[in-house]
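Trainee: My questions will all concern the structure given below.
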2 protein chains.
Amino acid sequence: MDIVTATPGSTRIGFIGTGVMGQSMAGHLLRHGYPLTVFSRTRSKAESLIAAGAKWANSPAEVAKASDVVIGMVSLPADVREVFLGERGVLTSLRPGGTIIDMATSEPALAQAIAAAAAGRGIAALDAPVSGGDVGAKNATLSIMVGGDPQAFAAMRPIFECLGKTIVLQGPAGAGQHTKMVNQILIAGALSGVCEAMLYARRSGLDPATVLQSVGGGAAASWQLANLAPRIIDGNFEPGFFAEHFVKDLGIILEEARAMNFALPVTGVVAQLFNAVLGQGLGQKGTHALMLALERVNSRG
Amino acid sequence: MDIVTATPGSTRIGFIGTGVMGQSMAGHLLRHGYPLTVFSRTRSKAESLIAAGAKWANSPAEVAKASDVVIGMVSLPADVREVFLGERGVLTSLRPGGTIIDMATSEPALAQAIAAAAAGRGIAALDAPVSGGDVGAKNATLSIMVGGDPQAFAAMRPIFECLGKTIVLQGPAGAGQHTKMVNQILIAGALSGVCEAMLYARRSGLDPATVLQSVGGGAAASWQLANLAPRIIDGNFEPGFFAEHFVKDLGIILEEARAMNFALPVTGVVAQLFNAVLGQGLGQKGTHALMLALERVNSRG
């Protein structure tokens, strides 16, 4: 497959899923001069992009007809499947030689299935989930973890460079998603440590803010501690990253571990605790709402 | 109680426990001009200090007779109890108006018992465990977490400033130890996340070193990831911090949680996994030997 290197002004990009992150990301591509066609389940979420010069299309298939490269940024694996493999999906109408890039966090096995289906039509596919959240999307400082063909990765690098600052090819199809799962396992451990540490601090009569002065600078330090412990102390549980999205990721991790026959005991417990977070109606709070669940587990009220 | 502020040249310090960390710490006090008397279970570990001008004493009680302030830096809570409360312990012979400082990581309840016994003899007591390890002890950059009377804390600050850079009074007797336990809970979460993440990376066919490029700079970042993941990748499991010492700390944490009736589910699982680390004969490896235990759990060999 000979893939043309993405070039502003000539490479036509389609963007599907213009939620909080997708809007920022698509906006960067527009500003860099890429002709853009967009589709989103809720059209109102695309209005600001249309006002800035993007064209609207009525389905993923119509986006693909008008594009050389189609990027997906939707929430759930089922939506990813529909966008790329569905009856009105991208692969029904993207031209051979085109490229698809799934930037949502999704299932590694689905990324492999999409890549296989794409290859059968002469289309390159990359899975390229990101970390860095809405702030990273807005400031184009995302970490982009890519799986797929090295030639396709090289050709799409100019697009990734509009969106992020850490851009690494991790391996073949699915490797980007696997790398994102590694990222989420790290977060599960660090975050649960922060919440249990804050619980211990409170129950043992310490002042959590004073404790942070002692523990924030050494071997216990983490991004989760530095960024979420102050919010926990302030009682601010707004997202950040939605708890219900983290539950989705934990489900993918544990399903992959089951399929590959290895045990992740700590991640397993964190996943159970997050089931309780959702059971307590806190799915649309930030991941640090794990603290509220832990407190409820340990309270009489 | 009227406590004299520690002053180089006049305040006589006793130091009990001259292991790797204690040797460095006592050395700093000598160099700052404090007259020093030392005792250690193994006299050879005190020889370099004696050569540098410290006096040797044959028991904690004899150290106390020659001192205004006695610092303990021994390994186990049972040793802490013996050093301060035992038949030949510090409290049998330290003069009223003296001060004792336990800088070992030990049980909060024991710190409170020592403080109560000391108060009955007109002696001030601080619990002041540290983090920062042998490097922090050597470079006098320890984080020192203090519990006890504010006046005693203020009087002993010149001593702490010889040893560390982050020096915080966390509350009454026991609060220093409780704060250290918060530190260890944070480490338990972050470290177990690192080990499970490395396991997932390997089993899913990723290159762990390449994965670190993608996950090291964002929400998954931690001291444990930055410092221990490269050692895991290199197959270097030397301590660092001994796994068997971490098991001691996890035991204290879970006993405190039991006594205060709250659940720490993730720390509980990590403690179980560390029982397996010891069961595999890895107690004198570093804490990141948790990785070896996880791999053995998941291997056929």
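Chain labels A, B, ... are given in the sequence in which chains occur in the structure tokens; within each chain residues are numbered consecutively from 1, and ligands are likewise numbered from 1 in the order shown.
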May I have the residues of chain A within 7 Å of chain B, counting only C-alpha atoms, written as a ChimeraX atom specification?

Mentor: /A:132,143,145,166,168,170-171,175,178-179,182-183,185-190,192-194,196-197,200-201,204,206,210-211,214-215,218-224,262-264,266,269-270,298

Trainee: Export, as an mmCIF file, in the first residue's frame, the selected residues with C-alpha atoms.

Mentor:
data_model
loop_
_atom_site.group_PDB
_atom_site.id
_atom_site.type_symbol
_atom_site.label_atom_id
_atom_site.label_comp_id
_atom_site.auth_asym_id
_atom_site.auth_seq_id
_atom_site.Cartn_x
_atom_site.Cartn_y
_atom_site.Cartn_z
ATOM 1 C CA GLY A 132 -4.070 13.987 28.482
ATOM 2 C CA SER A 143 0.146 11.581 24.349
ATOM 3 C CA MET A 145 -0.231 5.796 21.448
ATOM 4 C CA THR A 166 4.196 12.592 22.619
ATOM 5 C CA VAL A 168 4.870 6.874 19.650
ATOM 6 C CA GLN A 170 3.870 0.994 19.895
ATOM 7 C CA GLY A 171 3.499 -1.949 17.519
ATOM 8 C CA ALA A 175 -0.813 -1.986 20.262
ATOM 9 C CA HIS A 178 -2.945 -2.085 24.673
ATOM 10 C CA THR A 179 -0.638 0.795 25.602
ATOM 11 C CA VAL A 182 -1.203 -0.017 30.513
ATOM 12 C CA ASN A 183 -1.755 3.685 31.196
ATOM 13 C CA ILE A 185 -3.687 0.163 35.016
ATOM 14 C CA LEU A 186 -1.092 2.628 36.291
ATOM 15 C CA ILE A 187 -3.841 5.123 37.060
ATOM 16 C CA ALA A 188 -5.948 2.464 38.813
ATOM 17 C CA GLY A 189 -3.091 1.683 41.187
ATOM 18 C CA ALA A 190 -2.008 5.227 41.893
ATOM 19 C CA SER A 192 -6.695 3.838 44.611
ATOM 20 C CA GLY A 193 -3.569 4.470 46.680
ATOM 21 C CA VAL A 194 -4.470 8.157 46.873
ATOM 22 C CA GLU A 196 -7.075 4.857 50.602
ATOM 23 C CA ALA A 197 -4.289 7.136 51.842
ATOM 24 C CA TYR A 200 -6.370 6.590 56.443
ATOM 25 C CA ALA A 201 -5.277 10.188 57.023
ATOM 26 C CA SER A 204 -6.312 8.550 62.044
ATOM 27 C CA LEU A 206 -4.425 13.784 60.570
ATOM 28 C CA THR A 210 -0.664 18.979 56.031
ATOM 29 C CA VAL A 211 0.029 15.334 55.225
ATOM 30 C CA SER A 214 5.203 15.479 53.892
ATOM 31 C CA VAL A 215 4.340 12.842 51.290
ATOM 32 C CA GLY A 218 9.211 11.590 47.470
ATOM 33 C CA ALA A 219 8.647 7.950 46.613
ATOM 34 C CA ALA A 220 4.882 8.356 47.140
ATOM 35 C CA ALA A 221 4.585 11.146 44.583
ATOM 36 C CA SER A 222 2.330 10.774 41.556
ATOM 37 C CA TRP A 223 0.299 12.848 39.125
ATOM 38 C CA GLN A 224 -2.820 11.403 40.740
ATOM 39 C CA PHE A 262 -3.109 -13.658 33.458
ATOM 40 C CA ALA A 263 -4.215 -12.244 36.806
ATOM 41 C CA LEU A 264 -4.246 -8.564 37.753
ATOM 42 C CA VAL A 266 -5.088 -5.105 42.304
ATOM 43 C CA VAL A 269 -10.206 -4.977 43.203
ATOM 44 C CA VAL A 270 -10.159 -1.424 41.849
ATOM 45 C CA ASN A 298 -16.805 2.760 55.851
#

Trainee: For the structure I just gave you, how does DSSP split region 22-225 of chain A - specifically, which residues are strand (DSSP E)? Reply as a PyMOL selection string.

Mentor: chain A and resi 36-39+55-56+69-72+99-102+124-127+130-131+142-148+164-171

Trainee: Would you kindly return, as a list of chain:residue names, each protein, DNA or RNA residue with an atom no farther than 10 Å from any atom of Ala26 (chain B), considering only C-alpha atoms and excluding same-chain residues fewer than 2 positions away?

Mentor: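 The residues that qualify are B:Ile13, B:Gly14, B:Phe15, B:Ile16, B:Gly17, B:Thr18, B:Met21, B:Gly22, B:Gln23, B:Ser24, B:His28, B:Leu29, B:Leu30, B:Arg31, B:His32, B:Tyr34, B:Leu36, B:Thr37, B:Val38, B:Ala46, B:Leu49, B:Ala54, B:Ile71, B:Met73, B:Ala137, B:Cys162, B:Leu163.
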
Trainee: Measuring atom to atom with only C-alpha atoms, identify which of B:Ser106, B:Gln280, B:Ser48, B:Ser93 is nearest to Val74 (chain B).

Mentor: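 Answer, going by the shortest atom-to-atom distance: B:Ser106.
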
Trainee: Got a sec: who's within 9 Å of Met156 (chain B), counting only C-alpha atoms, leaving out chain neighbours fewer than 6 positions off, as a short mmCIF file (atom, residue, chain, number, x, y, z; two decimals) with N, CA, C and O atoms, in the first residue's frame?

Mentor:
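Below is the file part-v7.cif, written as the result:
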data_model
loop_
_atom_site.label_atom_id
_atom_site.label_comp_id
_atom_site.auth_asym_id
_atom_site.auth_seq_id
_atom_site.Cartn_x
_atom_site.Cartn_y
_atom_site.Cartn_z
N ILE B 3 11.90 23.07 77.37
CA ILE B 3 12.86 22.30 76.57
C ILE B 3 13.86 23.25 75.93
O ILE B 3 13.47 24.22 75.29
N VAL B 4 15.14 22.95 76.13
CA VAL B 4 16.19 23.79 75.57
C VAL B 4 16.33 23.50 74.07
O VAL B 4 16.35 22.34 73.65
N THR B 5 16.39 24.54 73.28
CA THR B 5 16.57 24.37 71.84
C THR B 5 17.92 23.72 71.55
O THR B 5 18.95 24.13 72.09
N ALA B 6 17.89 22.71 70.70
CA ALA B 6 19.12 21.97 70.38
C ALA B 6 20.15 22.91 69.76
O ALA B 6 19.83 23.71 68.89
N VAL B 69 19.52 14.51 74.38
CA VAL B 69 18.53 14.09 73.38
C VAL B 69 18.95 12.71 72.88
O VAL B 69 20.12 12.51 72.55
N THR B 99 14.97 14.79 75.87
CA THR B 99 14.03 14.53 74.78
C THR B 99 14.41 13.25 74.05
O THR B 99 15.60 13.02 73.81
N ILE B 101 13.63 10.99 70.47
CA ILE B 101 13.10 11.09 69.11
C ILE B 101 13.22 9.73 68.45
O ILE B 101 14.33 9.25 68.22
#

Trainee: As a ChimeraX atom specification, please: every residue in region 24-186 of chain A that DSSP puts in alpha helix (DSSP H).

Mentor: /A:24-31,47-51,60-65,77-85,108-119,133-139,150-163,175-186

Trainee: Check the smallest atom-to-atom distance from each of B:Arg202, B:Arg258, B:Lys248, B:Lys65 to Met291 (chain B) using only C-alpha atoms, then report the winner.

Mentor: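 Result for the nearest residue to Met291 (chain B): B:Arg202.
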
Trainee: Name the residues in contact with region 109-121 of chain A at a cut-off of 12 Å, using only C-alpha atoms, excluding same-chain residues fewer than 6 positions from it; report them as an MDAnalysis selection string.

Mentor: (chainID A and resid 1 72 76:86 89:103 127:129 146:149 152 171:178 252:253 255:256 259:260) or (chainID B and resid 204)

Trainee: Write the selection just made, keeping N, CA and C atoms, as a short mmCIF file (atom, residue, chain, number, x, y, z; two decimals), in the first residue's frame?

Mentor:
data_model
loop_
_atom_site.label_atom_id
_atom_site.label_comp_id
_atom_site.auth_asym_id
_atom_site.auth_seq_id
_atom_site.Cartn_x
_atom_site.Cartn_y
_atom_site.Cartn_z
N MET A 1 0.85 -1.20 0.00
CA MET A 1 0.00 0.00 0.00
C MET A 1 0.88 1.24 0.00
N GLY A 72 -11.83 8.76 14.03
CA GLY A 72 -12.96 8.54 14.92
C GLY A 72 -12.61 8.91 16.35
N LEU A 76 -17.76 4.78 23.02
CA LEU A 76 -17.85 3.38 23.42
C LEU A 76 -17.40 2.45 22.30
N PRO A 77 -16.85 1.29 22.65
CA PRO A 77 -16.46 0.31 21.63
C PRO A 77 -17.60 -0.01 20.66
N ALA A 78 -18.84 -0.11 21.16
CA ALA A 78 -19.97 -0.41 20.27
C ALA A 78 -20.11 0.70 19.22
N ASP A 79 -19.87 1.95 19.63
CA ASP A 79 -19.95 3.07 18.69
C ASP A 79 -18.79 3.03 17.71
N VAL A 80 -17.61 2.66 18.19
CA VAL A 80 -16.45 2.54 17.31
C VAL A 80 -16.75 1.52 16.21
N ARG A 81 -17.29 0.38 16.63
CA ARG A 81 -17.64 -0.68 15.68
C ARG A 81 -18.62 -0.17 14.63
N GLU A 82 -19.67 0.52 15.09
CA GLU A 82 -20.69 1.05 14.19
C GLU A 82 -20.10 2.06 13.21
N VAL A 83 -19.26 2.96 13.75
CA VAL A 83 -18.68 4.03 12.91
C VAL A 83 -17.83 3.44 11.79
N PHE A 84 -17.02 2.43 12.10
CA PHE A 84 -16.09 1.93 11.09
C PHE A 84 -16.62 0.72 10.32
N LEU A 85 -17.31 -0.19 11.04
CA LEU A 85 -17.70 -1.45 10.41
C LEU A 85 -19.20 -1.55 10.13
N GLY A 86 -19.98 -0.55 10.57
CA GLY A 86 -21.44 -0.63 10.47
C GLY A 86 -21.94 -0.48 9.03
N GLY A 89 -21.19 2.67 7.77
CA GLY A 89 -19.90 2.99 8.37
C GLY A 89 -18.85 3.43 7.35
N VAL A 90 -17.71 3.84 7.87
CA VAL A 90 -16.63 4.43 7.07
C VAL A 90 -16.14 3.46 6.00
N LEU A 91 -16.02 2.18 6.36
CA LEU A 91 -15.40 1.24 5.41
C LEU A 91 -16.28 0.95 4.20
N THR A 92 -17.56 1.29 4.28
CA THR A 92 -18.43 1.07 3.11
C THR A 92 -18.10 2.03 1.97
N SER A 93 -17.48 3.14 2.27
CA SER A 93 -17.33 4.14 1.20
C SER A 93 -15.98 4.85 1.14
N LEU A 94 -15.06 4.57 2.06
CA LEU A 94 -13.74 5.21 1.94
C LEU A 94 -12.99 4.58 0.76
N ARG A 95 -12.32 5.42 -0.01
CA ARG A 95 -11.62 4.92 -1.21
C ARG A 95 -10.41 4.06 -0.83
N PRO A 96 -10.07 3.05 -1.63
CA PRO A 96 -8.82 2.32 -1.43
C PRO A 96 -7.67 3.32 -1.43
N GLY A 97 -6.70 3.08 -0.56
CA GLY A 97 -5.60 4.04 -0.42
C GLY A 97 -5.84 5.04 0.69
N GLY A 98 -7.10 5.10 1.17
CA GLY A 98 -7.40 5.98 2.29
C GLY A 98 -6.90 5.39 3.61
N THR A 99 -7.03 6.19 4.67
CA THR A 99 -6.56 5.76 5.99
C THR A 99 -7.61 6.06 7.04
N ILE A 100 -7.82 5.12 7.98
CA ILE A 100 -8.69 5.41 9.11
C ILE A 100 -7.85 5.38 10.39
N ILE A 101 -8.22 6.29 11.29
CA ILE A 101 -7.51 6.41 12.57
C ILE A 101 -8.54 6.43 13.69
N ASP A 102 -8.55 5.39 14.52
CA ASP A 102 -9.46 5.42 15.67
C ASP A 102 -8.71 5.95 16.88
N MET A 103 -9.11 7.14 17.34
CA MET A 103 -8.43 7.78 18.47
C MET A 103 -9.19 7.61 19.79
N ASP A 127 -4.84 2.38 15.21
CA ASP A 127 -5.50 2.69 16.48
C ASP A 127 -4.57 3.65 17.21
N ALA A 128 -5.14 4.76 17.68
CA ALA A 128 -4.30 5.84 18.22
C ALA A 128 -4.97 6.53 19.39
N PRO A 129 -5.26 5.77 20.46
CA PRO A 129 -5.89 6.40 21.62
C PRO A 129 -4.93 7.40 22.26
N VAL A 146 0.12 4.69 19.34
CA VAL A 146 -0.34 4.24 18.03
C VAL A 146 -0.01 2.76 17.79
N GLY A 147 -1.00 2.06 17.22
CA GLY A 147 -0.78 0.71 16.74
C GLY A 147 -1.08 0.66 15.25
N GLY A 148 -0.28 -0.10 14.51
CA GLY A 148 -0.56 -0.25 13.08
C GLY A 148 0.71 -0.29 12.26
N ASP A 149 0.51 -0.16 10.96
CA ASP A 149 1.61 -0.26 9.99
C ASP A 149 2.56 0.95 10.10
N ALA A 152 2.04 3.65 7.42
CA ALA A 152 0.84 4.46 7.65
C ALA A 152 1.08 5.44 8.80
N GLY A 171 3.49 -0.60 18.09
CA GLY A 171 3.50 -1.95 17.52
C GLY A 171 2.39 -2.08 16.49
N PRO A 172 2.00 -3.32 16.16
CA PRO A 172 0.99 -3.54 15.13
C PRO A 172 -0.42 -3.18 15.63
N ALA A 173 -1.40 -3.38 14.80
CA ALA A 173 -2.79 -3.05 15.14
C ALA A 173 -3.16 -3.57 16.52
N GLY A 174 -3.74 -2.73 17.33
CA GLY A 174 -4.12 -3.08 18.70
C GLY A 174 -3.11 -2.60 19.73
N ALA A 175 -1.86 -2.36 19.29
CA ALA A 175 -0.81 -1.99 20.26
C ALA A 175 -1.06 -0.62 20.89
N GLY A 176 -1.69 0.27 20.13
CA GLY A 176 -2.04 1.57 20.71
C GLY A 176 -3.04 1.39 21.84
N GLN A 177 -4.07 0.56 21.60
CA GLN A 177 -5.08 0.31 22.64
C GLN A 177 -4.45 -0.42 23.83
N HIS A 178 -3.60 -1.39 23.56
CA HIS A 178 -2.94 -2.09 24.67
C HIS A 178 -2.13 -1.09 25.52
N ILE A 252 -12.36 -3.40 29.84
CA ILE A 252 -11.53 -3.86 28.71
C ILE A 252 -10.26 -4.54 29.23
N ILE A 253 -9.61 -3.92 30.21
CA ILE A 253 -8.37 -4.48 30.77
C ILE A 253 -8.61 -5.88 31.30
N GLU A 255 -11.04 -7.97 30.70
CA GLU A 255 -11.42 -8.91 29.65
C GLU A 255 -10.18 -9.36 28.86
N GLU A 256 -9.28 -8.44 28.58
CA GLU A 256 -8.03 -8.81 27.89
C GLU A 256 -7.20 -9.76 28.76
N ALA A 259 -8.77 -13.12 28.67
CA ALA A 259 -8.56 -13.79 27.38
C ALA A 259 -7.12 -14.29 27.25
N MET A 260 -6.17 -13.54 27.82
CA MET A 260 -4.76 -13.93 27.70
C MET A 260 -4.29 -14.75 28.91
N SER B 204 0.82 -8.64 26.52
CA SER B 204 0.09 -8.21 25.33
C SER B 204 1.05 -7.94 24.17
#

Trainee: Of the candidates A:Trp56, A:Val135, A:Arg88, A:Asp68, which one gets nearest to Val20 (chain A) if we count only C-alpha atoms?

Mentor: A:Val135

Trainee: What gap, in Å, lies between CA of Gly164 (chain B) and CA of Glu47 (chain B)?

Mentor: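 CA of Glu47 (chain B) lies 23.6 Å from CA of Gly164 (chain B).
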
Trainee: Expressed in Å to a single decimal, how great is the separation between CA of Lys285 (chain A) and CA of Asp234 (chain A)?

Mentor: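 Straight-line distance from CA of Lys285 (chain A) to CA of Asp234 (chain A) works out to 14.4 Å.
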
Trainee: Between CA of Ala276 (chain A) and CA of Glu107 (chain A), what is the distance in Å, rounded to a tenth?

Mentor: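 Separating CA of Ala276 (chain A) from CA of Glu107 (chain A) is a distance of 23.0 Å.
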
Trainee: For a quick check of understanding, using only C-alpha atoms, which of B:Ile123, B:Asn139, B:Asn236, B:Ala293 has the smallest distance to Gly281 (chain B)?

Mentor: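 The closest residue to Gly281 (chain B) is B:Ala293.
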